[in-house]
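Q: Take a look at protein.txt, compact mmCIF, C-alpha atoms:
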# COMPACT_ATOMS: atom_id res chain seq x y z
CA MET F 748 159.65 128.22 416.47
CA SER F 749 162.42 129.50 418.72
CA ASN F 750 165.87 130.34 417.45
CA ARG F 751 167.28 127.74 419.84
CA HIS F 752 165.95 124.93 417.68
CA GLN F 753 168.81 123.45 415.65
CA TRP F 754 169.16 121.27 412.59
CA GLN F 755 172.20 119.01 412.54
CA GLU F 756 173.87 117.77 409.38
CA THR F 757 174.69 114.05 409.37
CA LEU F 758 176.96 113.71 406.34
CA HIS F 759 180.01 112.67 408.38
CA ASP F 760 180.06 110.27 411.34
CA SER F 761 182.62 111.98 413.56
CA PHE F 762 181.82 115.68 413.16
CA GLY F 763 179.43 118.02 411.43
CA GLN F 764 177.76 121.39 411.35
CA TYR F 765 174.51 122.76 412.65
CA PHE F 766 172.12 125.56 411.71
CA SER F 767 169.61 127.37 413.84
CA VAL F 768 166.09 126.92 412.50
CA ASP F 769 164.20 130.20 412.48
CA ASN F 770 161.23 128.93 410.49
CA VAL F 771 160.37 125.59 408.88
CA LEU F 772 158.81 126.17 405.47
CA TYR F 773 158.43 122.54 404.46
CA HIS F 774 159.21 119.15 405.97
CA GLU F 775 158.38 115.78 404.48
CA LYS F 776 159.66 112.67 406.18
CA THR F 777 158.79 109.39 404.50
CA SER F 778 160.31 105.93 404.38
CA HIS F 779 162.18 107.03 401.23
CA GLN F 780 163.50 110.45 402.15
CA ASP F 781 163.61 113.30 404.65
CA LEU F 782 163.30 116.65 402.87
CA ILE F 783 163.27 119.92 404.75
CA ILE F 784 163.42 123.60 403.81
CA PHE F 785 163.94 126.04 406.63
CA GLU F 786 165.03 129.63 407.14
CA ASN F 787 168.27 130.56 408.87
CA ALA F 788 169.43 134.07 409.74
CA ALA F 789 172.91 133.57 408.27
CA PHE F 790 172.15 131.58 405.10
CA GLY F 791 168.55 132.34 404.21
CA ARG F 792 166.51 129.42 402.95
CA ILE F 793 168.26 126.07 403.27
CA MET F 794 167.20 122.84 401.58
CA ALA F 795 168.44 119.58 403.07
CA LEU F 796 167.82 116.01 401.94
CA ASP F 797 168.38 113.03 404.20
CA GLY F 798 170.41 115.06 406.67
CA VAL F 799 172.67 116.70 404.08
CA VAL F 800 172.59 120.35 402.99
CA GLN F 801 171.81 120.54 399.26
CA THR F 802 171.68 124.29 398.71
CA THR F 803 171.31 127.61 400.52
CA GLU F 804 170.21 131.02 399.30
CA ARG F 805 173.27 132.73 400.72
CA ASP F 806 176.07 130.84 398.98
CA GLU F 807 174.48 128.97 396.05
CA PHE F 808 175.89 131.54 393.61
CA ILE F 809 179.45 130.25 394.17
CA TYR F 810 178.57 126.71 393.20
CA HIS F 811 176.33 127.62 390.27
CA GLU F 812 178.59 130.30 388.77
CA MET F 813 181.63 128.02 388.87
CA MET F 814 179.84 125.03 387.36
CA THR F 815 178.47 127.04 384.44
CA HIS F 816 180.81 129.88 383.53
CA VAL F 817 184.05 127.87 383.73
CA PRO F 818 183.05 125.27 381.11
CA LEU F 819 181.03 127.71 378.96
CA LEU F 820 183.75 130.36 378.75
CA ALA F 821 186.50 127.77 378.32
CA HIS F 822 184.56 126.25 375.43
CA GLY F 823 183.86 129.67 373.95
CA GLN F 824 181.28 128.60 371.35
CA ALA F 825 178.75 126.47 373.23
CA LYS F 826 175.31 126.52 371.61
CA ARG F 827 173.71 123.47 373.21
CA VAL F 828 173.95 122.81 376.94
CA LEU F 829 172.70 119.82 378.94
CA ILE F 830 172.07 119.99 382.68
CA ILE F 831 171.61 116.71 384.54
CA GLY F 832 169.69 117.28 387.76
CA GLY F 833 169.56 120.90 388.82
CA GLY F 834 165.89 120.96 389.76
CA ASP F 835 166.39 123.96 392.02
CA GLY F 836 166.98 126.06 388.88
CA GLY F 837 170.24 127.69 389.92
CA MET F 838 172.29 126.08 387.17
CA LEU F 839 169.67 126.93 384.58
CA ARG F 840 169.64 130.54 385.74
CA GLU F 841 173.38 130.91 385.19
CA VAL F 842 173.47 129.07 381.84
CA ALA F 843 170.58 131.21 380.59
CA ARG F 844 172.66 134.33 381.20
CA HIS F 845 174.78 133.33 378.18
CA THR F 846 172.87 134.82 375.27
CA SER F 847 175.01 132.86 372.77
CA VAL F 848 173.57 129.58 374.06
CA GLU F 849 170.70 128.53 371.80
CA HIS F 850 169.31 125.40 373.49
CA ILE F 851 169.24 124.32 377.15
CA THR F 852 168.00 120.87 378.11
CA MET F 853 167.57 119.88 381.74
CA VAL F 854 166.99 116.27 382.74
CA GLU F 855 165.36 115.90 386.14
CA ILE F 856 164.16 112.54 387.41
CA ASP F 857 161.20 114.00 389.32
CA ALA F 858 158.90 116.68 387.90
CA SER F 859 157.67 117.60 391.36
CA VAL F 860 161.19 118.74 392.34
CA VAL F 861 160.99 121.57 389.80
CA ASP F 862 157.56 122.74 390.99
CA PHE F 863 158.63 122.42 394.59
CA CYS F 864 161.78 124.53 394.13
CA ARG F 865 159.96 127.16 392.09
CA GLN F 866 157.66 127.57 395.07
CA TYR F 867 160.14 127.43 397.94
CA LEU F 868 163.42 128.57 396.33
CA PRO F 869 162.24 131.07 393.71
CA ASN F 870 165.47 133.07 393.84
CA HIS F 871 167.44 130.09 392.56
CA SER F 872 165.72 129.96 389.17
CA ASN F 873 164.85 133.67 389.11
CA GLY F 874 162.47 133.23 386.17
CA ALA F 875 164.80 131.04 384.10
CA TYR F 876 162.20 128.27 383.80
CA ASP F 877 160.28 130.60 381.48
CA ASP F 878 163.23 131.01 379.10
CA PRO F 879 162.15 129.96 375.56
CA ARG F 880 165.47 128.15 375.03
CA PHE F 881 164.74 125.84 377.96
CA HIS F 882 163.51 122.25 377.55
CA LEU F 883 162.67 120.07 380.55
CA VAL F 884 162.94 116.30 380.24
CA ILE F 885 161.66 114.09 383.05
CA ASP F 886 163.92 111.04 382.95
CA ASP F 887 166.69 109.24 384.74
CA GLY F 888 170.02 110.89 383.87
CA VAL F 889 171.81 107.66 382.96
CA ASN F 890 168.91 106.57 380.78
CA PHE F 891 168.78 109.91 378.96
CA VAL F 892 172.47 110.10 378.07
CA SER F 893 172.38 106.48 376.92
CA GLN F 894 169.29 106.83 374.70
CA THR F 895 168.99 110.39 373.35
CA THR F 896 169.84 111.25 369.75
CA GLN F 897 170.67 114.85 370.69
CA THR F 898 174.23 116.11 371.15
CA PHE F 899 175.62 118.90 373.30
CA ASP F 900 178.63 121.20 373.59
CA VAL F 901 178.67 121.34 377.40
CA ILE F 902 177.22 118.84 379.89
CA ILE F 903 176.83 119.86 383.54
CA SER F 904 176.07 117.11 386.06
CA ASP F 905 174.50 118.79 389.08
CA CYS F 906 174.31 115.63 391.15
CA THR F 907 173.96 114.89 394.82
CA ASP F 908 176.67 112.90 396.60
CA PRO F 909 177.17 109.32 395.36
CA ILE F 910 174.93 107.85 398.04
CA GLY F 911 171.42 106.70 397.20
CA PRO F 912 169.71 108.57 394.33
CA GLY F 913 172.88 110.32 393.11
CA GLU F 914 175.03 107.22 392.92
CA SER F 915 174.26 106.39 389.27
CA LEU F 916 175.66 109.77 388.16
CA PHE F 917 179.15 108.70 389.24
CA THR F 918 179.23 105.45 387.24
CA SER F 919 181.10 104.46 384.11
CA ALA F 920 177.77 103.93 382.33
CA PHE F 921 176.85 107.57 382.92
CA TYR F 922 180.24 108.88 381.84
CA GLU F 923 180.16 106.70 378.73
CA GLY F 924 176.75 108.11 377.82
CA CYS F 925 177.95 111.68 378.32
CA LYS F 926 180.95 111.04 376.09
CA ARG F 927 178.64 109.60 373.43
CA ILE F 928 176.46 112.73 373.21
CA LEU F 929 179.18 115.34 373.66
CA ASN F 930 180.11 117.18 370.47
CA PRO F 931 183.81 117.16 369.43
CA GLY F 932 185.73 119.52 371.69
CA GLY F 933 182.88 119.56 374.20
CA VAL F 934 183.25 119.76 377.98
CA PHE F 935 181.75 117.67 380.77
CA VAL F 936 181.75 118.95 384.36
CA ALA F 937 180.30 117.48 387.55
CA GLN F 938 180.08 118.14 391.26
CA ASN F 939 182.66 115.93 392.91
CA GLY F 940 182.48 116.51 396.63
CA VAL F 941 184.76 118.12 399.20
CA SER F 942 188.07 116.47 398.36
CA PHE F 943 189.68 116.68 401.80
CA LEU F 944 186.87 114.58 403.28
CA GLN F 945 185.64 112.70 400.20
CA GLN F 946 188.88 111.91 398.39
CA ASP F 947 187.73 108.51 397.15
CA GLU F 948 185.00 110.24 395.10
CA VAL F 949 187.65 112.25 393.28
CA LEU F 950 189.87 109.23 392.66
CA ASN F 951 186.97 107.13 391.39
CA SER F 952 185.80 109.86 389.01
CA HIS F 953 189.34 110.41 387.75
CA GLN F 954 189.80 106.73 386.99
CA ARG F 955 186.40 106.24 385.35
CA LEU F 956 186.38 109.43 383.29
CA GLY F 957 189.89 108.61 382.08
CA GLN F 958 188.44 105.66 380.18
CA TYR F 959 186.48 108.01 377.90
CA PHE F 960 188.26 111.39 377.78
CA THR F 961 191.84 112.35 377.01
CA ASP F 962 191.94 115.33 379.40
CA VAL F 963 190.51 114.63 382.86
CA SER F 964 191.14 116.91 385.79
CA PHE F 965 189.41 118.93 388.49
CA TYR F 966 188.90 122.54 389.43
CA GLN F 967 187.81 123.96 392.73
CA ALA F 968 185.89 126.54 394.73
CA ALA F 969 185.17 127.02 398.42
CA VAL F 970 181.44 126.88 399.16
CA PRO F 971 180.88 127.61 402.87
CA THR F 972 177.98 125.26 403.52
CA TYR F 973 179.70 122.34 401.77
CA TYR F 974 181.81 121.96 404.86
CA GLY F 975 185.42 120.82 404.92
CA GLY F 976 187.45 122.95 402.50
CA ILE F 977 187.39 123.19 398.74
CA MET F 978 184.71 121.55 396.66
CA THR F 979 186.05 119.84 393.55
CA PHE F 980 184.39 119.80 390.15
CA ALA F 981 185.27 117.06 387.68
CA TRP F 982 186.48 118.32 384.28
CA ALA F 983 186.58 116.06 381.21
CA THR F 984 187.15 116.88 377.54
CA ASP F 985 189.16 115.76 374.51
CA ASN F 986 190.35 119.31 373.86
CA GLU F 987 193.35 119.60 376.16
CA ALA F 988 193.87 123.28 375.31
CA LEU F 989 190.69 124.39 377.06
CA ARG F 990 192.00 123.83 380.59
CA GLY F 991 195.03 126.05 380.05
CA LEU F 992 193.63 129.01 378.13
CA ARG F 993 195.42 132.30 378.69
CA PRO F 994 193.83 134.71 381.17
CA ASP F 995 193.47 137.36 378.48
CA THR F 996 191.48 134.92 376.32
CA ILE F 997 189.06 134.21 379.16
CA GLN F 998 188.89 137.91 379.98
CA ALA F 999 187.97 138.80 376.40
CA ARG F 1000 185.22 136.17 376.31
CA PHE F 1001 183.92 137.25 379.71
CA HIS F 1002 183.83 140.89 378.64
CA HIS F 1003 181.97 139.96 375.48
CA THR F 1004 179.22 138.18 377.44
CA GLY F 1005 178.55 141.26 379.56
CA LEU F 1006 178.23 139.04 382.62
CA HIS F 1007 178.49 140.45 386.13
CA CYS F 1008 179.16 137.74 388.71
CA ARG F 1009 179.52 137.61 392.47
CA TYR F 1010 182.21 134.91 392.68
CA TYR F 1011 183.40 134.05 389.19
CA ASN F 1012 185.89 136.22 387.33
CA PRO F 1013 188.57 135.36 384.75
CA ALA F 1014 191.39 135.29 387.33
CA VAL F 1015 189.39 132.92 389.55
CA HIS F 1016 188.65 130.80 386.45
CA CYS F 1017 192.32 130.28 385.67
CA ALA F 1018 193.37 129.81 389.31
CA ALA F 1019 190.60 127.27 389.98
CA PHE F 1020 192.54 124.55 388.13
CA ALA F 1021 195.39 124.82 390.64
CA LEU F 1022 194.89 121.93 393.07
CA PRO F 1023 196.41 121.42 396.54
CA GLN F 1024 199.37 119.09 396.74
CA TYR F 1025 197.55 116.40 398.76
CA LEU F 1026 195.09 116.04 395.90
CA GLN F 1027 197.77 116.08 393.21
CA ASP F 1028 199.66 113.37 395.09
CA ALA F 1029 196.53 111.23 395.45
CA LEU F 1030 195.69 111.57 391.76
CA ALA F 1031 199.24 110.65 390.76
CA THR F 1032 199.24 107.33 392.58
Please express what this file holds, its structure, as structure tokens.
A:
Amino acid sequence: MSNRHQWQETLHDSFGQYFSVDNVLYHEKTSHQDLIIFENAAFGRIMALDGVVQTTERDEFIYHEMMTHVPLLAHGQAKRVLIIGGGDGGMLREVARHTSVEHITMVEIDASVVDFCRQYLPNHSNGAYDDPRFHLVIDDGVNFVSQTTQTFDVIISDCTDPIGPGESLFTSAFYEGCKRILNPGGVFVAQNGVSFLQQDEVLNSHQRLGQYFTDVSFYQAAVPTYYGGIMTFAWATDNEALRGLRPDTIQARFHHTGLHCRYYNPAVHCAAFALPQYLQDALAT
């Protein structure tokens, strides 16, 4: 296929981004979904669902490092971690790097997603699916958090945007279930969109999470293929001290883990909770 062939993202009506398609590895278009994985010279393998980029080999580390190491190092003693979604294995890979974590549960609604991503995006999981601490549950995320008898120290919601399949992971029922199974002092984090373009998502999450947690906020990172500025991550806990830990505390914990990251570091961790004024103003209204 020639390099002139392009794939166009359709997330926004008035503008967007495109990628040259060097090689299509997989494409399934049904009445329910349009899933494609293709290779691009700048970003490596790209997976897109229904016209929206889900993940790329080139920049996935930013998203996955920030969604795992920020809550885990802020908590400091997490033994049991729950990942909702995350079938590509990137989140699991980063959580598994914490040797102090004893149990990792991942709830994925579709078993075939895991097999599919192991085949086409093997660098995302990088062998983490074989970790003995890992437990895969095939279930709907809302159903699992509402029914399980297990509890967790950190919950990571690796959800798609709140359109279609991902919508239920932005509801009060989901947040209520997460609160129910979170151990005292635990932390919940979730992907919350690019705030400059998807501000309503942030405001809705802030309002709904505030019904169940005493400390609700957001932190941020810039992920190039999630176009439009900073991506926000929802942060919810009843331990208000965790969001404002001193840099030297985070540094000591980070040093103890022996982690080497490509985006995350303790200074970035602390700075990530600083939000632009337009977002602070919106959240204050």
Q: So, with all atoms listed in the file as the atoms that count, which of F:Leu1006, F:Val854, F:Ala983, F:Leu868 lies closest to Phe960 (chain F)?
A: F:Ala983
Q: Excluding His1002 (chain F) and residues on its chain fewer than 5 positions from it, collect all residues at most 12 Å away from it, counting only C-alpha atoms, and give them as a ChimeraX atom specification.
A: /F:820,845,995-997,1007-1008,1012-1013
Q: Could you check the closest approach to Leu956 (chain F) for each of F:Gln998, F:Thr815, F:Ser919, F:Thr979 and tell me which residue wins, using all atoms listed in the file?
A: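 Looking only at the distances to Leu956 (chain F), the closest residue turns out to be F:Ser919.
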Q: Pick out the closest residue to Arg827 (chain F) from this set: F:Leu796, F:Val892, F:Ala920, F:Ile928. Count all atoms listed in the file.
A: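 Answer, going by the shortest atom-to-atom distance: F:Ile928.
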Q: Could you give me, as a ChimeraX atom specification, the residues within 12 Å of Gln894 (chain F), counting only C-alpha atoms and dropping anything in the same chain fewer than 4 positions from it?
A: /F:886-890,898,920-921,923-925,927-928
Q: For the residues in that selection, give me C-alpha atoms as a PDB file, in the frame of the given file.
A:
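So out12.pdb came out as:
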ATOM      1  CA  ASP F 886     163.920 111.040 382.950  1.00  0.00           C
ATOM      2  CA  ASP F 887     166.690 109.240 384.740  1.00  0.00           C
ATOM      3  CA  GLY F 888     170.020 110.890 383.870  1.00  0.00           C
ATOM      4  CA  VAL F 889     171.810 107.660 382.960  1.00  0.00           C
ATOM      5  CA  ASN F 890     168.910 106.570 380.780  1.00  0.00           C
ATOM      6  CA  THR F 898     174.230 116.110 371.150  1.00  0.00           C
ATOM      7  CA  ALA F 920     177.770 103.930 382.330  1.00  0.00           C
ATOM      8  CA  PHE F 921     176.850 107.570 382.920  1.00  0.00           C
ATOM      9  CA  GLU F 923     180.160 106.700 378.730  1.00  0.00           C
ATOM     10  CA  GLY F 924     176.750 108.110 377.820  1.00  0.00           C
ATOM     11  CA  CYS F 925     177.950 111.680 378.320  1.00  0.00           C
ATOM     12  CA  ARG F 927     178.640 109.600 373.430  1.00  0.00           C
ATOM     13  CA  ILE F 928     176.460 112.730 373.210  1.00  0.00           C
TER      14      ILE F 928
END
Q: Between F:His1016, F:Val799, F:Leu839, F:Ser942, which is the closest to Phe1001 (chain F) once you count only C-alpha atoms?
A: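 Closest to Phe1001 (chain F) of all the choices is F:His1016.
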Q: CA of Ala795 (chain F) and CA of Ile783 (chain F), how far apart in Å?
A: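 If I compute the distance from CA of Ile783 (chain F) to CA of Ala795 (chain F), I get 5.4 Å.
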Q: One decimal, in Å: what's the spacing between CA of Thr803 (chain F) and CA of Phe881 (chain F)?
A: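 Rounded to one decimal, the two atoms are 23.6 Å apart.
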Q: From the options F:Val949, F:Met813, F:Leu782, F:Ala999, which residue's atoms come nearest to Ala1019 (chain F), counting all atoms listed in the file?
A: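 Among the listed residues, F:Met813 lies closest to Ala1019 (chain F).
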